[in-house]
Amino acid sequence: MSIIVTGCNRGIGEGIASVLINNGYQVTGLNRTRSALADIDEFVQSYDEINCDVSDPEQVKKAIAKVGNVEAVVANAGIRRFGNIEDLSLKDWQDSINTNLNGVFYLAREVLPIFKQFGGYFIVIGSHAEKYPFGQGSAYCASKLGGRAIVDCMIDEARWDNVRATYLSIGSVKNREHGGDESWKLKPEDLGKVVVNLLKLPKNVLIPYMDVRPAKPLRDDKDSIEKLQFV
Ligand SMILES: NC(=O)c1ccc[n+]([C@@H]2O[C@H](COP(=O)([O-])OP(=O)(O)OC[C@H]3O[C@@H](n4cnc5c(N)ncnc54)[C@H](OP(=O)(O)O)[C@@H]3O)[C@@H](O)[C@H]2O)c1
């Protein structure tokens, strides 16, 4: 039985896949770019990957058929395209929806028949953008909010067939250098630990939604009443 992690050639997905492997799980990466994880000697027995663009339903279908027995999916692959609604290119809108939302749906529809036979866990790597929308974020926020709906609908449809699902609404993660002090941010491996803990929960426990944020973000020196002016 394998755990699928999409987009694990870098960033959060790579961190999640590494922690899963180090905790004894068998991981299959669905990546459109080859991962360095495939070249790590100690991971040879526990990691393999399939070339897959998650925005292409046919590629997702073939990849899941190739994996066969899937015990869990971590739908992580995602892109960020920003711009005011009237300026955002149609391509940026469509790419965002195709990857961040349609990609999650394509995965869900391929793995659900397998999950319904053996049980399974579907985890969506979401974002605070889902509940704190912001200017220039229509494509990202809408696509991330949609992932939450898929999780809730999946639970309503399939919980009696031993299917569990969680939407992880995630705050800031340090996945590359942006300059400045980023030591307060979550690390990709922290999300790996969250995923492992979810997978280890007793099977009678269902957590549809989890908000994961840095414990100590940079202090905001505005007092509470002042913050109101920025809403
Ligand atoms: N970083 C944060 O602070 C943060 C916060 C909240 C939520 N998130 C979410 O966490 C997830 C990962 O983000 P990240 O920060 O790790 O981003 P990242 O470093 O840009 O990595 C994105 C990953 O997704 C893959 N990917 C993108 N489109 C794909 C497609 N069509 N098919 C297959 N793989 C695809 C990328 O592959 P390529 O290398 O081929 O492009 C890459 O592996 C995203 O869903 C994002 O929304 C991130």
# chains A, B, ... in the order shown; residues from 1 in each chain; ligands from 1

$ residues_around --residues "Lys193 in chain A" --least-positions-apart "6" --cutoff "12 Å" --atoms "only C-alpha atoms" --output "number ranges by chain"
A: 12, 15-23, 186-187, 199-200, 212

$ residues_near_ligand --ligand "ligand 1" --cutoff "7 Å" --atoms "only C-alpha atoms and all ligand atoms" --output "JSON, numbers by chain"
{"A": [6, 7, 8, 9, 10, 11, 12, 13, 30, 31, 32, 33, 52, 53, 54, 55, 76, 77, 78, 79, 80, 99, 100, 125, 126, 127, 128, 169, 170, 171, 172, 173, 174, 175]}

$ atom_distance --atom1 "CA of Gln117 in chain A" --atom2 "CA of Ala149 in chain A"
23.3 Å

$ atom_distance --atom1 "CA of Gly135 in chain A" --atom2 "CA of Leu107 in chain A"
29.3 Å

$ residues_around --residues "Gln94 in chain A" --least-positions-apart "3" --cutoff "12 Å" --atoms "only C-alpha atoms" --output "list in words"
Ser55, Ile79, Arg80, Arg81, Leu88, Ser89, Leu90, Lys91, Ile97, Asn98, Thr99, Asn100, Leu101, Asn102, Gly103, Ser138, Ala139, Tyr140, Ala142 and Ser143 of chain A

$ select_by_dssp --residues "range 95-183 of chain A" --states "strand (DSSP E or B)" --output "PyMOL selection string"
chain A and resi 120-125+163-170+173

$ write_last_selection --atoms "C-alpha atoms" --output "PDB file, in the first residue's frame"
ATOM      1  CA  GLY A 120      -8.294   5.359   2.717  1.00  0.00           C
ATOM      2  CA  TYR A 121      -7.306   8.850   3.742  1.00  0.00           C
ATOM      3  CA  PHE A 122      -7.426  11.906   1.446  1.00  0.00           C
ATOM      4  CA  ILE A 123      -5.514  14.972   2.647  1.00  0.00           C
ATOM      5  CA  VAL A 124      -5.652  18.284   0.816  1.00  0.00           C
ATOM      6  CA  ILE A 125      -2.842  20.755   1.399  1.00  0.00           C
ATOM      7  CA  VAL A 163     -12.916   6.965   3.755  1.00  0.00           C
ATOM      8  CA  ARG A 164     -11.549   9.859   5.786  1.00  0.00           C
ATOM      9  CA  ALA A 165     -10.440  13.252   4.521  1.00  0.00           C
ATOM     10  CA  THR A 166      -8.833  16.366   5.965  1.00  0.00           C
ATOM     11  CA  TYR A 167      -8.351  19.861   4.579  1.00  0.00           C
ATOM     12  CA  LEU A 168      -5.188  21.375   6.049  1.00  0.00           C
ATOM     13  CA  SER A 169      -5.555  25.151   6.066  1.00  0.00           C
ATOM     14  CA  ILE A 170      -1.933  26.183   6.241  1.00  0.00           C
ATOM     15  CA  VAL A 173       5.759  27.975   5.287  1.00  0.00           C
TER      16      VAL A 173
END

$ residues_around --residues "Ile64 in chain A" --least-positions-apart "3" --cutoff "9 Å" --atoms "only C-alpha atoms" --output "JSON list (two decimals) with C-alpha atoms, in the first residue's frame"
[["chain", "number", "residue", "atom", "x", "y", "z"],
["A", 4, "ILE", "CA", 0.67, 9.31, -2.91],
["A", 59, "GLN", "CA", -2.37, 11.43, -16.68],
["A", 60, "VAL", "CA", -3.89, 11.23, -13.20],
["A", 61, "LYS", "CA", -6.05, 8.26, -14.21],
["A", 67, "VAL", "CA", 0.01, 2.58, -8.32],
["A", 68, "GLY", "CA", -2.93, 0.24, -7.71],
["A", 69, "ASN", "CA", -3.24, 0.01, -3.94],
["A", 70, "VAL", "CA", -3.31, 3.49, -2.47],
["A", 107, "LEU", "CA", -7.22, 12.53, -7.87],
["A", 110, "GLU", "CA", -9.62, 7.99, -9.27],
["A", 111, "VAL", "CA", -8.76, 6.94, -5.71]]

$ residues_around --residues "Cys141 in chain A" --least-positions-apart "3" --cutoff "9 Å" --atoms "only C-alpha atoms" --output "PyMOL selection string"
chain A and resi 127-134+137-138+144-146

$ write_last_selection --atoms "C-alpha atoms" --output "mmCIF file, in the first residue's frame"
data_model
loop_
_atom_site.group_PDB
_atom_site.id
_atom_site.type_symbol
_atom_site.label_atom_id
_atom_site.label_comp_id
_atom_site.auth_asym_id
_atom_site.auth_seq_id
_atom_site.Cartn_x
_atom_site.Cartn_y
_atom_site.Cartn_z
ATOM 1 C CA SER A 127 -4.095 27.403 2.563
ATOM 2 C CA HIS A 128 -5.231 30.227 4.808
ATOM 3 C CA ALA A 129 -6.090 31.874 1.471
ATOM 4 C CA GLU A 130 -9.239 29.739 1.704
ATOM 5 C CA LYS A 131 -10.580 31.737 4.652
ATOM 6 C CA TYR A 132 -8.640 35.006 4.439
ATOM 7 C CA PRO A 133 -9.099 36.074 0.808
ATOM 8 C CA PHE A 134 -7.043 39.064 -0.354
ATOM 9 C CA GLY A 137 -5.741 36.509 -4.949
ATOM 10 C CA SER A 138 -8.944 35.515 -6.772
ATOM 11 C CA LYS A 144 -7.984 26.789 -2.418
ATOM 12 C CA LEU A 145 -11.524 27.303 -1.108
ATOM 13 C CA GLY A 146 -12.763 24.767 -3.655
#

$ select_by_dssp --residues "range 176-226 of chain A" --states "alpha helix (DSSP H)" --output "count of residues only"
16

$ atom_distance --atom1 "CA of Phe115 in chain A" --atom2 "CA of Arg34 in chain A"
26.8 Å

$ closest_residue --among "A:Asn51, A:Trp184, A:Ile225, A:Val205" --to "Gly29 in chain A" --atoms "only C-alpha atoms"
A:Asn51

$ closest_residue --among "A:Lys227, A:Arg176, A:Lys185, A:Arg109" --to "Arg213 in chain A" --atoms "only C-alpha atoms"
A:Lys185

$ closest_residue --among "A:Asp152, A:Asp220, A:Glu182, A:Asp41" --to "Ile207 in chain A" --atoms "only C-alpha atoms"
A:Asp152

$ closest_residue --among "A:Pro188, A:Lys222, A:Gly24, A:Asn162" --to "Asn204 in chain A" --atoms "only C-alpha atoms"
A:Asn162
